[in-house]
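Trainee: I'm passing along structure.pdb; it holds PDB, C-alpha atoms, pLDDT in the B column.
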```
ATOM      1  CA  MET A   1      44.056  55.349 158.735  1.00 86.00           C
ATOM      2  CA  GLU A   2      45.239  52.038 160.007  1.00 89.00           C
ATOM      3  CA  ALA A   3      44.471  48.373 159.358  1.00 89.00           C
ATOM      4  CA  THR A   4      45.704  45.236 161.093  1.00 91.00           C
ATOM      5  CA  VAL A   5      46.696  41.975 159.405  1.00 92.00           C
ATOM      6  CA  ALA A   6      44.671  39.116 160.922  1.00 94.00           C
ATOM      7  CA  GLU A   7      45.936  35.600 161.646  1.00 94.00           C
ATOM      8  CA  ARG A   8      44.992  34.298 158.186  1.00 94.00           C
ATOM      9  CA  GLY A   9      46.554  37.282 156.360  1.00 93.00           C
ATOM     10  CA  GLN A  10      43.311  39.193 155.919  1.00 93.00           C
ATOM     11  CA  ILE A  11      42.891  42.892 156.542  1.00 92.00           C
ATOM     12  CA  THR A  12      39.769  44.973 157.022  1.00 92.00           C
ATOM     13  CA  LEU A  13      39.886  48.253 155.159  1.00 92.00           C
ATOM     14  CA  PRO A  14      38.682  51.196 157.233  1.00 92.00           C
ATOM     15  CA  LYS A  15      35.110  52.261 156.433  1.00 93.00           C
ATOM     16  CA  GLU A  16      36.286  55.761 155.461  1.00 92.00           C
ATOM     17  CA  ALA A  17      38.584  54.277 152.788  1.00 89.00           C
ATOM     18  CA  ARG A  18      35.860  51.919 151.486  1.00 89.00           C
ATOM     19  CA  ASP A  19      33.355  54.763 151.272  1.00 89.00           C
ATOM     20  CA  LYS A  20      35.741  57.142 149.486  1.00 87.00           C
ATOM     21  CA  LEU A  21      36.605  54.513 146.865  1.00 85.00           C
ATOM     22  CA  GLY A  22      33.098  53.096 146.528  1.00 86.00           C
ATOM     23  CA  LEU A  23      34.210  49.619 147.585  1.00 88.00           C
ATOM     24  CA  SER A  24      31.484  47.098 148.351  1.00 88.00           C
ATOM     25  CA  PRO A  25      31.604  43.365 149.125  1.00 89.00           C
ATOM     26  CA  GLY A  26      32.934  41.505 146.097  1.00 88.00           C
ATOM     27  CA  THR A  27      34.821  44.488 144.613  1.00 88.00           C
ATOM     28  CA  LYS A  28      38.079  43.316 143.037  1.00 89.00           C
ATOM     29  CA  LEU A  29      41.303  45.092 144.015  1.00 91.00           C
ATOM     30  CA  GLU A  30      44.613  45.122 142.172  1.00 91.00           C
ATOM     31  CA  VAL A  31      47.549  44.525 144.536  1.00 93.00           C
ATOM     32  CA  GLU A  32      51.006  45.892 143.749  1.00 94.00           C
ATOM     33  CA  ILE A  33      54.229  46.130 145.725  1.00 95.00           C
ATOM     34  CA  LYS A  34      56.249  49.180 144.725  1.00 94.00           C
ATOM     35  CA  ASN A  35      59.295  50.608 146.525  1.00 95.00           C
ATOM     36  CA  GLY A  36      58.488  48.602 149.646  1.00 94.00           C
ATOM     37  CA  GLN A  37      54.874  49.827 149.723  1.00 94.00           C
ATOM     38  CA  LEU A  38      51.689  47.837 149.280  1.00 92.00           C
ATOM     39  CA  LEU A  39      49.378  49.533 146.782  1.00 92.00           C
ATOM     40  CA  LEU A  40      45.720  48.604 146.403  1.00 90.00           C
ATOM     41  CA  ARG A  41      43.682  49.859 143.456  1.00 88.00           C
ATOM     42  CA  LYS A  42      40.028  49.336 142.680  1.00 86.00           C
ATOM     43  CA  LYS A  43      39.942  47.132 139.586  1.00 82.00           C
ATOM     44  CA  VAL A  44      37.826  48.790 136.905  1.00 76.00           C
ATOM     45  CA  SER A  45      36.633  46.911 133.858  1.00 70.00           C
ATOM     46  CA  LEU A  46      36.397  48.953 130.684  1.00 69.00           C
ATOM     47  CA  GLN A  47      34.697  46.200 128.715  1.00 70.00           C
ATOM     48  CA  MET A  48      31.515  47.570 127.209  1.00 69.00           C
ATOM     49  CA  SER A  49      30.472  44.075 126.156  1.00 68.00           C
ATOM     50  CA  LYS A  50      29.231  43.303 129.669  1.00 69.00           C
ATOM     51  CA  TRP A  51      26.605  46.079 129.257  1.00 69.00           C
ATOM     52  CA  VAL A  52      25.304  45.016 125.845  1.00 71.00           C
ATOM     53  CA  GLY A  53      21.696  43.943 126.134  1.00 70.00           C
ATOM     54  CA  LYS A  54      21.360  45.052 129.772  1.00 72.00           C
ATOM     55  CA  PHE A  55      19.090  47.984 128.969  1.00 74.00           C
ATOM     56  CA  SER A  56      16.036  48.159 126.787  1.00 75.00           C
ATOM     57  CA  THR A  57      14.749  51.391 125.272  1.00 78.00           C
ATOM     58  CA  ASN A  58      11.470  49.805 124.147  1.00 80.00           C
ATOM     59  CA  GLY A  59      11.764  51.593 120.802  1.00 82.00           C
ATOM     60  CA  GLN A  60      12.226  55.036 122.380  1.00 81.00           C
ATOM     61  CA  SER A  61      14.783  57.519 121.111  1.00 79.00           C
ATOM     62  CA  THR A  62      17.703  58.482 123.340  1.00 77.00           C
ATOM     63  CA  ASP A  63      16.050  61.855 124.011  1.00 75.00           C
ATOM     64  CA  GLU A  64      12.844  60.139 125.139  1.00 78.00           C
ATOM     65  CA  VAL A  65      14.735  57.778 127.451  1.00 79.00           C
ATOM     66  CA  MET A  66      16.629  60.716 128.981  1.00 76.00           C
ATOM     67  CA  GLU A  67      13.359  62.617 129.496  1.00 74.00           C
ATOM     68  CA  ASP A  68      11.931  59.596 131.314  1.00 77.00           C
ATOM     69  CA  LEU A  69      15.023  59.291 133.498  1.00 76.00           C
ATOM     70  CA  ARG A  70      15.166  63.004 134.356  1.00 74.00           C
ATOM     71  CA  GLY A  71      11.455  63.383 134.853  1.00 69.00           C
ATOM     72  CA  ARG A  72      11.295  66.436 132.584  1.00 62.00           C
ATOM     73  CA  PRO A  73      12.634  67.442 129.201  1.00 60.00           C
ATOM     74  CA  PHE A  74      16.053  68.954 128.816  1.00 60.00           C
ATOM     75  CA  PRO A  75      16.353  72.323 127.050  1.00 55.00           C
ATOM     76  CA  TRP A  76      18.893  71.364 124.400  1.00 59.00           C
ATOM     77  CA  THR A  77      19.744  74.606 122.627  1.00 60.00           C
ATOM     78  CA  GLY A  78      19.677  77.084 125.495  1.00 65.00           C
ATOM     79  CA  SER A  79      17.540  79.412 123.369  1.00 73.00           C
ATOM     80  CA  THR A  80      15.037  81.837 124.901  1.00 75.00           C
ATOM     81  CA  GLU A  81      12.271  79.459 123.799  1.00 78.00           C
ATOM     82  CA  ASP A  82      13.966  76.502 125.539  1.00 73.00           C
ATOM     83  CA  LYS A  83      14.361  78.498 128.750  1.00 72.00           C
ATOM     84  CA  ARG A  84      10.657  79.366 128.606  1.00 78.00           C
ATOM     85  CA  ILE A  85       9.781  75.698 128.068  1.00 77.00           C
ATOM     86  CA  ALA A  86      12.026  74.618 130.958  1.00 74.00           C
ATOM     87  CA  ASN A  87       9.966  76.769 133.328  1.00 75.00           C
ATOM     88  CA  LEU A  88       6.617  75.333 132.231  1.00 80.00           C
ATOM     89  CA  PRO A  89       4.862  72.553 134.141  1.00 83.00           C
ATOM     90  CA  HIS A  90       6.264  69.169 133.167  1.00 80.00           C
ATOM     91  CA  ASP A  91       3.314  67.960 131.051  1.00 82.00           C
ATOM     92  CA  GLU A  92       3.149  71.165 129.000  1.00 85.00           C
ATOM     93  CA  ALA A  93       6.912  71.183 128.428  1.00 81.00           C
ATOM     94  CA  VAL A  94       6.897  67.544 127.278  1.00 81.00           C
ATOM     95  CA  LYS A  95       4.036  68.240 124.874  1.00 85.00           C
ATOM     96  CA  LEU A  96       5.843  71.216 123.311  1.00 83.00           C
ATOM     97  CA  LEU A  97       9.154  69.409 122.950  1.00 79.00           C
ATOM     98  CA  LYS A  98       7.526  66.327 121.419  1.00 82.00           C
ATOM     99  CA  ALA A  99       5.703  68.563 118.920  1.00 84.00           C
ATOM    100  CA  ARG A 100       9.026  70.278 118.078  1.00 80.00           C
ATOM    101  CA  ARG A 101      10.727  66.895 117.597  1.00 77.00           C
ATOM    102  CA  LYS A 102       8.073  65.828 115.039  1.00 75.00           C
ATOM    103  CA  LYS A 103       8.793  68.859 112.812  1.00 66.00           C
TER     104      LYS A 103
END
```
Re-express the file's structure as structure tokens.
Mentor:
Amino acid sequence: MEATVAERGQITLPKEARDKLGLSPGTKLEVEIKNGQLLLRKKVSLQMSKWVGKFSTNGQSTDEVMEDLRGRPFPWTGSTEDKRIANLPHDEAVKLLKARRKK
């Protein structure tokens, strides 16, 4: 891949590189010069505080939220019973798993 430095010092990263790294407009990059090479790294924030309060579970348990996201319940134990439940129509499987959770 190749990029050209423009008159004002800007470069355009090739689309292939942007796609592979998941770079979108506004993504911050760390710039480093090492052994005569220019290194660019996608800057990743590990601060969990920016996510606090972003999602609401509306009083649901984690299992219930995951069921909503997946669209069907997840067979947690891998038992024969769970495999049977996983092959049931969605509504029946949800009913059985909710009844099991209440026990």
Trainee: Interatomic distance between atom CA of A:Phe55 and atom CA of A:Leu23?
Mentor: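 Going from atom CA of A:Phe55 over to atom CA of A:Leu23, I get 24.0 Å.
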Trainee: List as a PDB file with C-alpha atoms, in the coordinates of the input the protein and nucleic acid residues near A:Leu29, meaning an atom at most 7 Å away when all atoms listed in the file are counted, but skip any in the same chain fewer than 5 places from it.
Mentor:
```pdb
ATOM      1  CA  LEU A  40      45.720  48.604 146.403  1.00 90.00           C
ATOM      2  CA  ARG A  41      43.682  49.859 143.456  1.00 88.00           C
ATOM      3  CA  LYS A  42      40.028  49.336 142.680  1.00 86.00           C
ATOM      4  CA  LYS A  43      39.942  47.132 139.586  1.00 82.00           C
TER       5      LYS A  43
END
```
Trainee: Smallest atom-to-atom distance to A:Lys98: which of A:Glu7, A:Glu2, A:Glu32, A:Glu64, using all atoms listed in the file?
Mentor: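 The shortest atom-to-atom distance to A:Lys98 comes from A:Glu64.
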Trainee: Which residue out of A:Asn87, A:Ser45, A:Thr4, A:Gln10 has the minimum interatomic distance to A:Thr27 when all atoms listed in the file are used?
Mentor: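 When distances to A:Thr27 are compared using all atoms listed in the file, the smallest one comes from A:Ser45.
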Trainee: Mind checking which residues fall within 10 Å of A:Arg101, counting all atoms listed in the file, ignoring those fewer than 5 positions away in the same chain, and posting them as a list in words?
Mentor: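 Neighbouring residues, sequence-local ones excluded: Asp63, Lys95 and Leu96 of chain A.
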Trainee: Could you turn the residues from that selection into a file that holds C-alpha atoms, as a JSON list (two decimals), in the frame of the given file?
Mentor:
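Okay, selection_31.json is ready:
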```json
[["chain", "number", "residue", "atom", "x", "y", "z"],
["A", 63, "ASP", "CA", 16.05, 61.86, 124.01],
["A", 95, "LYS", "CA", 4.04, 68.24, 124.87],
["A", 96, "LEU", "CA", 5.84, 71.22, 123.31]]
```
Trainee: Figure out the distance between atom CA of A:Ser79 and atom CA of A:Arg100, please, to one decimal in Å.
Mentor: 13.6 Å
Trainee: Rank A:Leu13, A:Met66, A:Ile85, A:Val44 by their smallest atom-to-atom distance to A:Glu30, using all atoms listed in the file, and report the top residue only.
Mentor: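 Of A:Leu13, A:Met66, A:Ile85, A:Val44, the one nearest A:Glu30 is A:Val44, counting all atoms listed in the file.
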Trainee: Could you tell me how far atom CA of A:Ala86 lies from atom CA of A:Val65, in Å and to one decimal?
Mentor: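 Straight-line distance from atom CA of A:Ala86 to atom CA of A:Val65 works out to 17.4 Å.
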Trainee: Save N, CA and C atoms of stretch 16-39 of chain A from the block above as a compact mmCIF listing (two decimals), in the first residue's frame.
Mentor:
```txt
# COMPACT_ATOMS: atom_id res chain seq x y z
N GLU A 16 -8.18 0.11 2.13
CA GLU A 16 -7.92 -1.25 2.63
C GLU A 16 -7.39 -1.20 4.06
N ALA A 17 -6.45 -0.26 4.31
CA ALA A 17 -5.87 -0.12 5.65
C ALA A 17 -6.93 0.37 6.65
N ARG A 18 -7.74 1.36 6.23
CA ARG A 18 -8.79 1.88 7.12
C ARG A 18 -9.79 0.80 7.47
N ASP A 19 -10.18 0.01 6.48
CA ASP A 19 -11.15 -1.06 6.71
C ASP A 19 -10.60 -2.13 7.65
N LYS A 20 -9.36 -2.54 7.42
CA LYS A 20 -8.77 -3.60 8.25
C LYS A 20 -8.63 -3.18 9.71
N LEU A 21 -8.38 -1.89 9.95
CA LEU A 21 -8.20 -1.39 11.31
C LEU A 21 -9.47 -0.81 11.91
N GLY A 22 -10.54 -0.75 11.12
CA GLY A 22 -11.79 -0.19 11.63
C GLY A 22 -11.69 1.30 11.89
N LEU A 23 -10.96 2.02 11.04
CA LEU A 23 -10.79 3.45 11.22
C LEU A 23 -11.94 4.18 10.53
N SER A 24 -12.52 5.13 11.24
CA SER A 24 -13.59 5.95 10.67
C SER A 24 -13.23 7.41 10.94
N PRO A 25 -13.92 8.35 10.28
CA PRO A 25 -13.61 9.76 10.51
C PRO A 25 -13.65 10.10 12.01
N GLY A 26 -12.64 10.77 12.48
CA GLY A 26 -12.56 11.16 13.88
C GLY A 26 -11.78 10.19 14.75
N THR A 27 -11.40 9.02 14.22
CA THR A 27 -10.62 8.06 15.00
C THR A 27 -9.25 8.66 15.30
N LYS A 28 -8.84 8.58 16.55
CA LYS A 28 -7.53 9.09 16.96
C LYS A 28 -6.45 8.04 16.68
N LEU A 29 -5.30 8.50 16.20
CA LEU A 29 -4.16 7.62 15.94
C LEU A 29 -2.98 8.08 16.77
N GLU A 30 -2.23 7.12 17.29
CA GLU A 30 -0.98 7.43 17.98
C GLU A 30 0.12 7.40 16.92
N VAL A 31 0.98 8.40 16.93
CA VAL A 31 2.06 8.52 15.94
C VAL A 31 3.39 8.33 16.67
N GLU A 32 4.23 7.45 16.13
CA GLU A 32 5.53 7.18 16.74
C GLU A 32 6.58 7.05 15.63
N ILE A 33 7.75 7.57 15.90
CA ILE A 33 8.88 7.39 14.98
C ILE A 33 9.85 6.46 15.66
N LYS A 34 10.14 5.32 15.01
CA LYS A 34 10.98 4.31 15.62
C LYS A 34 11.90 3.74 14.54
N ASN A 35 13.21 3.82 14.78
CA ASN A 35 14.20 3.31 13.83
C ASN A 35 13.98 3.84 12.42
N GLY A 36 13.68 5.14 12.33
CA GLY A 36 13.49 5.76 11.01
C GLY A 36 12.17 5.40 10.33
N GLN A 37 11.25 4.78 11.06
CA GLN A 37 9.95 4.42 10.50
C GLN A 37 8.84 5.18 11.21
N LEU A 38 7.83 5.53 10.47
CA LEU A 38 6.65 6.18 11.03
C LEU A 38 5.63 5.11 11.35
N LEU A 39 5.25 5.02 12.63
CA LEU A 39 4.28 4.02 13.06
C LEU A 39 2.99 4.70 13.47
```
